[in-house]
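This is start-v9.cif (mmCIF, C-alpha atoms).
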```cif
data_coords
#
loop_
_atom_site.group_PDB
_atom_site.id
_atom_site.type_symbol
_atom_site.label_atom_id
_atom_site.label_comp_id
_atom_site.auth_asym_id
_atom_site.auth_seq_id
_atom_site.Cartn_x
_atom_site.Cartn_y
_atom_site.Cartn_z
ATOM 1 C CA MET A 1 0.000 0.000 0.000
ATOM 2 C CA THR A 2 1.403 3.377 -0.978
ATOM 3 C CA PHE A 3 0.918 6.616 0.915
ATOM 4 C CA LEU A 4 -1.662 7.525 -1.742
ATOM 5 C CA ASP A 5 -3.671 4.382 -1.046
ATOM 6 C CA GLN A 6 -3.789 5.147 2.660
ATOM 7 C CA VAL A 7 -5.777 8.357 2.063
ATOM 8 C CA ARG A 8 -9.536 7.904 2.315
ATOM 9 C CA TRP A 9 -10.592 9.692 -0.865
ATOM 10 C CA ASN A 10 -14.293 10.587 -0.951
ATOM 11 C CA ALA A 11 -16.805 9.374 -3.554
ATOM 12 C CA ASP A 12 -15.441 11.991 -5.973
ATOM 13 C CA GLY A 13 -11.848 10.888 -5.338
ATOM 14 C CA LEU A 14 -11.054 14.025 -3.316
ATOM 15 C CA VAL A 15 -10.013 15.090 0.180
ATOM 16 C CA PRO A 16 -9.958 18.598 1.671
ATOM 17 C CA ALA A 17 -6.479 20.106 1.998
ATOM 18 C CA ILE A 18 -5.711 23.004 4.334
ATOM 19 C CA ALA A 19 -2.761 25.271 3.547
ATOM 20 C CA GLN A 20 -1.195 26.983 6.544
ATOM 21 C CA ASP A 21 1.567 29.577 6.391
ATOM 22 C CA ALA A 22 4.644 27.899 7.885
ATOM 23 C CA ARG A 23 5.932 31.120 9.415
ATOM 24 C CA SER A 24 2.877 33.042 10.629
ATOM 25 C CA GLY A 25 0.637 30.041 11.291
ATOM 26 C CA ARG A 26 -2.155 31.780 9.376
ATOM 27 C CA VAL A 27 -4.649 29.384 7.779
ATOM 28 C CA LEU A 28 -4.509 30.478 4.152
ATOM 29 C CA THR A 29 -6.868 28.310 2.126
ATOM 30 C CA LEU A 30 -8.971 25.210 2.029
ATOM 31 C CA ALA A 31 -8.787 23.471 -1.329
ATOM 32 C CA TRP A 32 -9.247 19.926 -2.608
ATOM 33 C CA MET A 33 -6.813 17.258 -3.709
ATOM 34 C CA ASN A 34 -7.146 14.109 -5.737
ATOM 35 C CA ARG A 35 -4.448 11.426 -6.029
ATOM 36 C CA GLU A 36 -2.779 13.215 -8.907
ATOM 37 C CA ALA A 37 -2.639 16.508 -6.986
ATOM 38 C CA LEU A 38 -1.126 14.927 -3.883
ATOM 39 C CA ALA A 39 1.409 13.004 -5.958
ATOM 40 C CA ALA A 40 2.376 16.176 -7.847
ATOM 41 C CA THR A 41 2.704 18.083 -4.564
ATOM 42 C CA VAL A 42 5.086 15.449 -3.192
ATOM 43 C CA ASP A 43 7.048 15.212 -6.445
ATOM 44 C CA THR A 44 7.513 18.941 -7.041
ATOM 45 C CA GLY A 45 7.438 20.422 -3.522
ATOM 46 C CA LEU A 46 4.805 22.883 -4.768
ATOM 47 C CA ALA A 47 1.161 22.711 -3.733
ATOM 48 C CA HIS A 48 -1.133 21.229 -6.368
ATOM 49 C CA TYR A 49 -4.867 20.924 -5.973
ATOM 50 C CA TRP A 50 -7.849 19.709 -7.940
ATOM 51 C CA SER A 51 -9.925 22.588 -9.226
ATOM 52 C CA ARG A 52 -13.540 21.517 -8.809
ATOM 53 C CA SER A 53 -14.813 24.424 -10.916
ATOM 54 C CA ARG A 54 -12.383 23.910 -13.805
ATOM 55 C CA ARG A 55 -12.172 20.129 -13.329
ATOM 56 C CA LYS A 56 -8.435 20.014 -13.765
ATOM 57 C CA LEU A 57 -5.185 19.679 -11.888
ATOM 58 C CA TRP A 58 -4.261 23.081 -10.548
ATOM 59 C CA LYS A 59 -0.741 24.097 -9.662
ATOM 60 C CA LYS A 60 -1.411 26.793 -7.080
ATOM 61 C CA GLY A 61 -0.042 30.076 -8.392
ATOM 62 C CA GLU A 62 0.218 28.926 -12.008
ATOM 63 C CA SER A 63 -1.493 32.103 -13.251
ATOM 64 C CA SER A 64 -0.917 34.465 -10.298
ATOM 65 C CA GLY A 65 2.680 33.528 -9.508
ATOM 66 C CA HIS A 66 1.574 32.950 -5.915
ATOM 67 C CA LEU A 67 3.111 29.511 -5.601
ATOM 68 C CA GLN A 68 3.083 27.581 -2.337
ATOM 69 C CA ALA A 69 6.407 25.919 -1.470
ATOM 70 C CA VAL A 70 5.530 22.957 0.725
ATOM 71 C CA ARG A 71 7.515 22.478 3.902
ATOM 72 C CA GLU A 72 5.410 19.743 5.488
ATOM 73 C CA ILE A 73 2.505 17.464 4.539
ATOM 74 C CA ARG A 74 0.312 15.895 7.198
ATOM 75 C CA LEU A 75 -2.652 13.512 7.166
ATOM 76 C CA ASP A 76 -5.233 13.413 9.928
ATOM 77 C CA CYS A 77 -6.246 10.612 12.265
ATOM 78 C CA ASP A 78 -9.102 9.472 9.996
ATOM 79 C CA ASP A 79 -6.981 9.660 6.835
ATOM 80 C CA ASP A 80 -9.461 11.978 5.149
ATOM 81 C CA ALA A 81 -7.989 15.472 5.474
ATOM 82 C CA ILE A 82 -4.573 16.932 4.615
ATOM 83 C CA LEU A 83 -2.643 19.816 6.145
ATOM 84 C CA LEU A 84 0.139 21.545 4.226
ATOM 85 C CA ARG A 85 2.564 23.931 5.862
ATOM 86 C CA VAL A 86 3.723 26.253 3.113
ATOM 87 C CA GLU A 87 5.766 29.296 2.274
ATOM 88 C CA GLN A 88 3.368 31.529 0.367
ATOM 89 C CA ALA A 89 5.001 33.381 -2.539
ATOM 90 C CA GLY A 90 4.044 37.042 -2.620
ATOM 91 C CA GLY A 91 2.271 36.774 0.731
ATOM 92 C CA ILE A 92 -1.058 36.420 -1.093
ATOM 93 C CA ALA A 93 -2.995 33.143 -1.142
ATOM 94 C CA CYS A 94 -6.485 34.327 -2.109
ATOM 95 C CA HIS A 95 -7.723 35.061 -5.624
ATOM 96 C CA THR A 96 -9.277 38.242 -4.193
ATOM 97 C CA GLY A 97 -5.759 39.597 -3.569
ATOM 98 C CA ARG A 98 -5.885 39.037 0.186
ATOM 99 C CA GLU A 99 -3.306 37.229 2.299
ATOM 100 C CA HIS A 100 -5.747 34.401 3.003
ATOM 101 C CA CYS A 101 -9.216 33.249 1.977
ATOM 102 C CA PHE A 102 -10.919 33.410 5.371
ATOM 103 C CA HIS A 103 -11.600 37.121 5.316
ATOM 104 C CA LYS A 104 -15.294 37.068 6.245
ATOM 105 C CA LEU A 105 -15.626 37.376 10.002
ATOM 106 C CA TYR A 106 -18.893 36.555 11.771
ATOM 107 C CA ARG A 107 -20.042 39.531 13.800
ATOM 108 C CA GLU A 108 -23.498 40.594 14.968
ATOM 109 C CA GLY A 109 -25.432 38.181 12.807
ATOM 110 C CA ARG A 110 -23.562 38.593 9.557
ATOM 111 C CA TRP A 111 -20.272 37.998 7.738
ATOM 112 C CA GLN A 112 -18.164 41.131 7.683
ATOM 113 C CA ASP A 113 -15.140 41.752 5.539
ATOM 114 C CA ALA A 114 -12.243 41.821 7.997
ATOM 115 C CA ASP A 115 -9.037 41.856 5.952
ATOM 116 C CA PRO A 116 -7.536 44.187 3.350
ATOM 117 C CA VAL A 117 -6.993 43.495 -0.334
ATOM 118 C CA LEU A 118 -3.200 43.677 -0.699
ATOM 119 C CA LYS A 119 -3.157 43.672 -4.481
ATOM 120 C CA ASP A 120 -5.898 44.297 -7.019
ATOM 121 C CA PRO A 121 -6.902 40.975 -8.680
ATOM 122 C CA GLU A 122 -6.760 42.669 -12.064
ATOM 123 C CA ALA A 123 -3.107 43.480 -11.414
ATOM 124 C CA ILE A 124 -2.489 39.853 -10.410
ATOM 125 C CA TYR A 125 -4.318 38.105 -13.234
ATOM 126 C CA GLY A 126 -4.754 40.786 -15.903
ATOM 127 C CA HIS A 127 -8.496 40.352 -15.307
ATOM 128 C CA ASP A 128 -10.821 39.818 -12.345
ATOM 129 C CA PRO A 129 -10.955 36.023 -11.794
ATOM 130 C CA SER A 130 -14.119 36.026 -9.644
ATOM 131 C CA MET B 1 -30.721 36.461 3.662
ATOM 132 C CA THR B 2 -29.268 35.271 6.952
ATOM 133 C CA PHE B 3 -25.640 34.417 7.591
ATOM 134 C CA LEU B 4 -26.687 30.749 7.340
ATOM 135 C CA ASP B 5 -28.128 31.272 3.850
ATOM 136 C CA GLN B 6 -24.901 32.872 2.638
ATOM 137 C CA VAL B 7 -22.942 29.644 3.233
ATOM 138 C CA ARG B 8 -22.673 27.425 0.151
ATOM 139 C CA TRP B 9 -23.640 24.111 1.708
ATOM 140 C CA ASN B 10 -22.707 21.096 -0.432
ATOM 141 C CA ALA B 11 -25.168 18.537 -1.832
ATOM 142 C CA ASP B 12 -25.263 16.872 1.611
ATOM 143 C CA GLY B 13 -25.929 20.201 3.331
ATOM 144 C CA LEU B 14 -22.406 20.359 4.780
ATOM 145 C CA VAL B 15 -19.256 22.480 4.677
ATOM 146 C CA PRO B 16 -15.793 21.658 6.022
ATOM 147 C CA ALA B 17 -14.877 23.487 9.231
ATOM 148 C CA ILE B 18 -11.292 23.911 10.400
ATOM 149 C CA ALA B 19 -10.624 24.418 14.110
ATOM 150 C CA GLN B 20 -7.434 26.313 14.928
ATOM 151 C CA ASP B 21 -6.056 26.876 18.414
ATOM 152 C CA ALA B 22 -6.437 30.614 19.084
ATOM 153 C CA ARG B 23 -3.270 30.776 21.157
ATOM 154 C CA SER B 24 -0.759 28.455 19.496
ATOM 155 C CA GLY B 25 -2.113 28.719 15.943
ATOM 156 C CA ARG B 26 -2.027 24.920 15.699
ATOM 157 C CA VAL B 27 -4.555 23.481 13.243
ATOM 158 C CA LEU B 28 -6.437 21.059 15.461
ATOM 159 C CA THR B 29 -9.150 19.366 13.413
ATOM 160 C CA LEU B 30 -11.115 19.372 10.209
ATOM 161 C CA ALA B 31 -14.742 18.471 10.802
ATOM 162 C CA TRP B 32 -18.053 19.150 9.052
ATOM 163 C CA MET B 33 -20.919 21.490 9.809
ATOM 164 C CA ASN B 34 -24.513 21.651 8.666
ATOM 165 C CA ARG B 35 -26.821 24.620 9.246
ATOM 166 C CA GLU B 36 -27.851 23.310 12.648
ATOM 167 C CA ALA B 37 -24.227 22.888 13.765
ATOM 168 C CA LEU B 38 -23.224 26.391 12.699
ATOM 169 C CA ALA B 39 -26.302 27.901 14.337
ATOM 170 C CA ALA B 40 -25.592 25.993 17.567
ATOM 171 C CA THR B 41 -21.953 27.127 17.478
ATOM 172 C CA VAL B 42 -23.007 30.760 17.178
ATOM 173 C CA ASP B 43 -25.716 30.423 19.826
ATOM 174 C CA THR B 44 -23.632 28.631 22.460
ATOM 175 C CA GLY B 45 -20.081 29.806 21.754
ATOM 176 C CA LEU B 46 -19.025 26.156 21.729
ATOM 177 C CA ALA B 47 -18.008 24.303 18.561
ATOM 178 C CA HIS B 48 -20.709 22.001 17.207
ATOM 179 C CA TYR B 49 -20.250 19.812 14.170
ATOM 180 C CA TRP B 50 -22.214 17.267 12.167
ATOM 181 C CA SER B 51 -20.940 13.769 12.790
ATOM 182 C CA ARG B 52 -20.995 12.054 9.410
ATOM 183 C CA SER B 53 -20.397 8.628 10.971
ATOM 184 C CA ARG B 54 -23.089 8.941 13.652
ATOM 185 C CA ARG B 55 -25.337 11.148 11.523
ATOM 186 C CA LYS B 56 -26.130 13.507 14.359
ATOM 187 C CA LEU B 57 -25.344 16.936 15.734
ATOM 188 C CA TRP B 58 -22.147 16.667 17.721
ATOM 189 C CA LYS B 59 -21.170 19.074 20.444
ATOM 190 C CA LYS B 60 -17.390 18.753 20.356
ATOM 191 C CA GLY B 61 -16.229 17.405 23.717
ATOM 192 C CA GLU B 62 -19.651 16.144 24.778
ATOM 193 C CA SER B 63 -18.198 12.773 25.798
ATOM 194 C CA SER B 64 -14.515 13.644 26.270
ATOM 195 C CA GLY B 65 -14.950 16.989 28.035
ATOM 196 C CA HIS B 66 -12.634 18.488 25.423
ATOM 197 C CA LEU B 67 -14.926 21.363 24.516
ATOM 198 C CA GLN B 68 -13.879 24.061 22.064
ATOM 199 C CA ALA B 69 -14.735 27.598 23.175
ATOM 200 C CA VAL B 70 -15.089 29.636 20.003
ATOM 201 C CA ARG B 71 -13.314 32.980 19.839
ATOM 202 C CA GLU B 72 -13.837 33.722 16.155
ATOM 203 C CA ILE B 73 -15.775 32.307 13.196
ATOM 204 C CA ARG B 74 -14.710 33.023 9.637
ATOM 205 C CA LEU B 75 -16.044 32.108 6.206
ATOM 206 C CA ASP B 76 -13.851 31.921 3.122
ATOM 207 C CA CYS B 77 -13.979 33.869 -0.134
ATOM 208 C CA ASP B 78 -16.091 31.193 -1.872
ATOM 209 C CA ASP B 79 -18.469 30.828 1.087
ATOM 210 C CA ASP B 80 -17.853 27.085 1.286
ATOM 211 C CA ALA B 81 -15.373 26.590 4.145
ATOM 212 C CA ILE B 82 -15.352 27.760 7.759
ATOM 213 C CA LEU B 83 -12.483 28.536 10.106
ATOM 214 C CA LEU B 84 -12.970 28.548 13.869
ATOM 215 C CA ARG B 85 -10.407 29.958 16.251
ATOM 216 C CA VAL B 86 -10.932 28.125 19.521
ATOM 217 C CA GLU B 87 -9.659 27.609 23.014
ATOM 218 C CA GLN B 88 -9.259 23.846 23.312
ATOM 219 C CA ALA B 89 -10.254 22.480 26.720
ATOM 220 C CA GLY B 90 -7.713 20.021 28.067
ATOM 221 C CA GLY B 91 -5.287 20.789 25.243
ATOM 222 C CA ILE B 92 -6.519 17.688 23.415
ATOM 223 C CA ALA B 93 -8.606 17.902 20.237
ATOM 224 C CA CYS B 94 -8.120 14.418 18.768
ATOM 225 C CA HIS B 95 -10.024 11.277 19.739
ATOM 226 C CA THR B 96 -6.657 9.486 19.763
ATOM 227 C CA GLY B 97 -5.632 11.570 22.804
ATOM 228 C CA ARG B 98 -3.309 13.826 20.829
ATOM 229 C CA GLU B 99 -3.283 17.630 20.809
ATOM 230 C CA HIS B 100 -4.464 17.686 17.209
ATOM 231 C CA CYS B 101 -5.639 15.316 14.492
ATOM 232 C CA PHE B 102 -2.890 15.949 11.921
ATOM 233 C CA HIS B 103 -0.328 13.673 13.505
ATOM 234 C CA LYS B 104 0.677 11.686 10.416
ATOM 235 C CA LEU B 105 3.642 13.361 8.779
ATOM 236 C CA TYR B 106 4.699 12.504 5.237
ATOM 237 C CA ARG B 107 8.317 11.426 5.198
ATOM 238 C CA GLU B 108 10.239 9.210 2.792
ATOM 239 C CA GLY B 109 7.229 7.835 0.965
ATOM 240 C CA ARG B 110 4.978 7.124 3.919
ATOM 241 C CA TRP B 111 2.923 8.650 6.716
ATOM 242 C CA GLN B 112 4.814 8.565 9.977
ATOM 243 C CA ASP B 113 3.378 9.142 13.410
ATOM 244 C CA ALA B 114 4.899 12.451 14.515
ATOM 245 C CA ASP B 115 3.118 13.495 17.702
ATOM 246 C CA PRO B 116 2.679 11.982 21.146
ATOM 247 C CA VAL B 117 -0.505 10.659 22.706
ATOM 248 C CA LEU B 118 -1.042 12.955 25.687
ATOM 249 C CA LYS B 119 -3.785 10.901 27.290
ATOM 250 C CA ASP B 120 -4.904 7.334 26.733
ATOM 251 C CA PRO B 121 -8.253 7.326 24.857
ATOM 252 C CA GLU B 122 -9.573 4.742 27.320
ATOM 253 C CA ALA B 123 -8.924 7.216 30.129
ATOM 254 C CA ILE B 124 -10.750 9.917 28.159
ATOM 255 C CA TYR B 125 -13.797 7.946 27.052
ATOM 256 C CA GLY B 126 -13.844 4.901 29.326
ATOM 257 C CA HIS B 127 -13.307 2.871 26.131
ATOM 258 C CA ASP B 128 -11.314 3.158 22.917
ATOM 259 C CA PRO B 129 -13.465 5.191 20.485
ATOM 260 C CA SER B 130 -11.564 4.242 17.321
#
```
For the structure just supplied, provide its representation as structure tokens.
Amino acid sequence: MTFLDQVRWNADGLVPAIAQDARSGRVLTLAWMNREALAATVDTGLAHYWSRSRRKLWKKGESSGHLQAVREIRLDCDDDAILLRVEQAGGIACHTGREHCFHKLYREGRWQDADPVLKDPEAIYGHDPS
Amino acid sequence: MTFLDQVRWNADGLVPAIAQDARSGRVLTLAWMNREALAATVDTGLAHYWSRSRRKLWKKGESSGHLQAVREIRLDCDDDAILLRVEQAGGIACHTGREHCFHKLYREGRWQDADPVLKDPEAIYGHDPS
């Protein structure tokens, strides 16, 4: 049994993968991996995910330049979630141009935008990706 | 539209929820929430999840005493993942008796156990829950 076989992939062949900044400890993103994405992450040392919207292997940062260099890969007790500790190129993980994706803070009954846009998405991608 | 309606629940009515230790920054667990679990978390200030194996609302720590007091709730840019910053009672989040669930570290082609059991699960639950 390989390390890929030990992962409990869901019915779609995916598991959730958390990326955490190795220096600040900030939780950057939650994305999804299939076998190919995890294998590519191990082989290259760069985070790869499965894009559910585009239905393709996605090298994080391939269009933005915001690559994630992987320092550590962990699997959880139930073998169905992955944690990456990464060095985030450019200090921006989110397609909105923010440091991380979890920028909506619950306060007084609603989600409030709590973190600044560090770089305009149009400047990152040449167009707004959202 | 309420804050519950804004969440993009999946086909099973769930979203992944990451719990992070508010003091150490350690990523403790990845669990799942449905509407009821998120509402109960907001209402009580204690992390509630949906147990996919037991198919019931699960107040984290209800049998172990290892409650998670919620300091912050965040939603991501795509509205389909939640991040909780918590104070972990007992310093143990994992049913294996470890501080956190991500104790399997990838090294040299396999997952290696990288973190100590702090308390025997039988001492926590009166039986081994695994």
With distances taken over all atoms listed in the file, which residue among B:Leu57, B:Ala37, B:Leu46, B:Leu28 lies nearest chain A?
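Counting all atoms listed in the file, the residue closest to chain A is B:Leu28.
In this model, the gap between atom CA of B:Glu72 and atom CA of B:Arg85 comes to 5.1 Å.
Evaluated against this file, the PyMOL selection byres ((chain B) within 6 of (chain A)) yields Phe3, Gly25, Ile73, Arg74, Leu75, Asp76, Cys77, Cys101, Phe102, Lys104, Leu105, Tyr106 and Arg110 of chain B.
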All Cα atoms, paired in order, least squares: that's the fit I need for chain B onto chain A, output as a CSV table (one decimal) with C-alpha atoms, keeping the file's coordinate frame.
```csv
chain,number,residue,atom,x,y,z
B,1,MET,CA,0.0,0.0,0.0
B,2,THR,CA,1.4,3.4,-1.0
B,3,PHE,CA,0.9,6.6,0.9
B,4,LEU,CA,-1.7,7.5,-1.8
B,5,ASP,CA,-3.7,4.4,-1.0
B,6,GLN,CA,-3.8,5.1,2.7
B,7,VAL,CA,-5.8,8.3,2.1
B,8,ARG,CA,-9.5,7.9,2.3
B,9,TRP,CA,-10.6,9.7,-0.9
B,10,ASN,CA,-14.3,10.6,-0.9
B,11,ALA,CA,-16.8,9.4,-3.5
B,12,ASP,CA,-15.4,12.0,-6.0
B,13,GLY,CA,-11.8,10.9,-5.3
B,14,LEU,CA,-11.1,14.0,-3.3
B,15,VAL,CA,-10.0,15.1,0.2
B,16,PRO,CA,-10.0,18.6,1.7
B,17,ALA,CA,-6.5,20.1,2.0
B,18,ILE,CA,-5.7,23.0,4.3
B,19,ALA,CA,-2.8,25.3,3.5
B,20,GLN,CA,-1.2,27.0,6.5
B,21,ASP,CA,1.6,29.6,6.4
B,22,ALA,CA,4.6,27.9,7.9
B,23,ARG,CA,5.9,31.1,9.4
B,24,SER,CA,2.9,33.0,10.6
B,25,GLY,CA,0.6,30.0,11.3
B,26,ARG,CA,-2.1,31.8,9.4
B,27,VAL,CA,-4.6,29.4,7.8
B,28,LEU,CA,-4.5,30.5,4.1
B,29,THR,CA,-6.9,28.3,2.1
B,30,LEU,CA,-9.0,25.2,2.0
B,31,ALA,CA,-8.8,23.5,-1.3
B,32,TRP,CA,-9.2,19.9,-2.6
B,33,MET,CA,-6.8,17.3,-3.7
B,34,ASN,CA,-7.1,14.1,-5.7
B,35,ARG,CA,-4.5,11.4,-6.0
B,36,GLU,CA,-2.8,13.2,-8.9
B,37,ALA,CA,-2.6,16.5,-7.0
B,38,LEU,CA,-1.1,14.9,-3.9
B,39,ALA,CA,1.4,13.0,-6.0
B,40,ALA,CA,2.4,16.2,-7.9
B,41,THR,CA,2.7,18.1,-4.6
B,42,VAL,CA,5.1,15.4,-3.2
B,43,ASP,CA,7.0,15.2,-6.4
B,44,THR,CA,7.5,18.9,-7.0
B,45,GLY,CA,7.4,20.4,-3.5
B,46,LEU,CA,4.8,22.9,-4.8
B,47,ALA,CA,1.1,22.7,-3.7
B,48,HIS,CA,-1.1,21.2,-6.4
B,49,TYR,CA,-4.9,20.9,-6.0
B,50,TRP,CA,-7.8,19.7,-8.0
B,51,SER,CA,-9.9,22.6,-9.2
B,52,ARG,CA,-13.5,21.5,-8.8
B,53,SER,CA,-14.8,24.4,-10.9
B,54,ARG,CA,-12.4,23.9,-13.8
B,55,ARG,CA,-12.2,20.1,-13.3
B,56,LYS,CA,-8.4,20.0,-13.8
B,57,LEU,CA,-5.2,19.7,-11.9
B,58,TRP,CA,-4.3,23.1,-10.6
B,59,LYS,CA,-0.7,24.1,-9.7
B,60,LYS,CA,-1.4,26.8,-7.1
B,61,GLY,CA,0.0,30.1,-8.4
B,62,GLU,CA,0.2,28.9,-12.0
B,63,SER,CA,-1.5,32.1,-13.2
B,64,SER,CA,-0.9,34.5,-10.3
B,65,GLY,CA,2.7,33.5,-9.5
B,66,HIS,CA,1.6,33.0,-5.9
B,67,LEU,CA,3.1,29.5,-5.6
B,68,GLN,CA,3.1,27.6,-2.3
B,69,ALA,CA,6.4,25.9,-1.5
B,70,VAL,CA,5.5,23.0,0.7
B,71,ARG,CA,7.5,22.5,3.9
B,72,GLU,CA,5.4,19.7,5.5
B,73,ILE,CA,2.5,17.5,4.5
B,74,ARG,CA,0.3,15.9,7.2
B,75,LEU,CA,-2.7,13.5,7.2
B,76,ASP,CA,-5.2,13.4,9.9
B,77,CYS,CA,-6.2,10.6,12.3
B,78,ASP,CA,-9.1,9.5,10.0
B,79,ASP,CA,-7.0,9.7,6.8
B,80,ASP,CA,-9.5,12.0,5.1
B,81,ALA,CA,-8.0,15.5,5.5
B,82,ILE,CA,-4.6,16.9,4.6
B,83,LEU,CA,-2.6,19.8,6.1
B,84,LEU,CA,0.1,21.5,4.2
B,85,ARG,CA,2.6,23.9,5.9
B,86,VAL,CA,3.7,26.3,3.1
B,87,GLU,CA,5.8,29.3,2.3
B,88,GLN,CA,3.4,31.5,0.4
B,89,ALA,CA,5.0,33.4,-2.5
B,90,GLY,CA,4.0,37.0,-2.6
B,91,GLY,CA,2.3,36.8,0.7
B,92,ILE,CA,-1.1,36.4,-1.1
B,93,ALA,CA,-3.0,33.1,-1.2
B,94,CYS,CA,-6.5,34.3,-2.1
B,95,HIS,CA,-7.7,35.1,-5.6
B,96,THR,CA,-9.3,38.2,-4.2
B,97,GLY,CA,-5.8,39.6,-3.6
B,98,ARG,CA,-5.9,39.0,0.2
B,99,GLU,CA,-3.3,37.2,2.3
B,100,HIS,CA,-5.7,34.4,3.0
B,101,CYS,CA,-9.2,33.2,2.0
B,102,PHE,CA,-10.9,33.4,5.4
B,103,HIS,CA,-11.6,37.1,5.3
B,104,LYS,CA,-15.3,37.1,6.2
B,105,LEU,CA,-15.6,37.4,10.0
B,106,TYR,CA,-18.9,36.6,11.8
B,107,ARG,CA,-20.0,39.5,13.8
B,108,GLU,CA,-23.5,40.6,15.0
B,109,GLY,CA,-25.4,38.2,12.8
B,110,ARG,CA,-23.5,38.6,9.5
B,111,TRP,CA,-20.3,38.0,7.7
B,112,GLN,CA,-18.2,41.1,7.7
B,113,ASP,CA,-15.1,41.8,5.5
B,114,ALA,CA,-12.2,41.8,8.0
B,115,ASP,CA,-9.0,41.9,5.9
B,116,PRO,CA,-7.5,44.2,3.4
B,117,VAL,CA,-7.0,43.5,-0.3
B,118,LEU,CA,-3.2,43.7,-0.7
B,119,LYS,CA,-3.2,43.7,-4.5
B,120,ASP,CA,-5.9,44.3,-7.0
B,121,PRO,CA,-6.9,41.0,-8.7
B,122,GLU,CA,-6.8,42.7,-12.1
B,123,ALA,CA,-3.1,43.5,-11.4
B,124,ILE,CA,-2.5,39.9,-10.4
B,125,TYR,CA,-4.3,38.1,-13.2
B,126,GLY,CA,-4.8,40.8,-15.9
B,127,HIS,CA,-8.5,40.4,-15.3
B,128,ASP,CA,-10.8,39.8,-12.4
B,129,PRO,CA,-11.0,36.0,-11.8
B,130,SER,CA,-14.1,36.1,-9.6
```
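Rounded to one decimal, atom CA of B:Ile124 and atom CA of B:Ala89 lie 12.7 Å from each other.
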Which residue, B:Glu87, B:Arg55, B:Ala123, B:Ala40, has the smallest gap to B:Ala19 when you use only C-alpha atoms?
B:Glu87
Nearest-residue call for A:Glu122, choices A:Asn34, A:Ser63, A:Gln88, A:Gln68, using all atoms listed in the file:
A:Ser63
Name the residues in contact with A:Arg35 at a cut-off of 8 Å, using all atoms listed in the file, excluding same-chain residues fewer than 3 positions from it; report them as an MDAnalysis selection string.
chainID A and resid 4 13:14 38:39
Store the residues of this selection in a file with C-alpha atoms, as a tab-separated table (two decimals), keeping the file's coordinate frame.
```tsv
chain	number	residue	atom	x	y	z
A	4	LEU	CA	-1.66	7.52	-1.74
A	13	GLY	CA	-11.85	10.89	-5.34
A	14	LEU	CA	-11.05	14.02	-3.32
A	38	LEU	CA	-1.13	14.93	-3.88
A	39	ALA	CA	1.41	13.00	-5.96
```
Two-atom distance - atom CA of B:Gly61, atom CA of B:Arg23 (Å)
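So the two atoms, atom CA of B:Gly61 and atom CA of B:Arg23, lie 18.8 Å apart.
Considering all atoms listed in the file, the residue among A:Gly126, A:Met33, A:Gly97, A:Gly90 positioned nearest to A:Arg8 is A:Met33.
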Mind working out the centre and edge lengths of an axis-aligned box for stretch 110-122 of chain A, all listed atoms inside, 6 Å added to each side, rounded to one decimal in Å and written as AutoDock Vina command-line options?
```
--center_x -13.4 --center_y 41.1 --center_z -1.3 --size_x 32.4 --size_y 18.3 --size_z 33.6
```
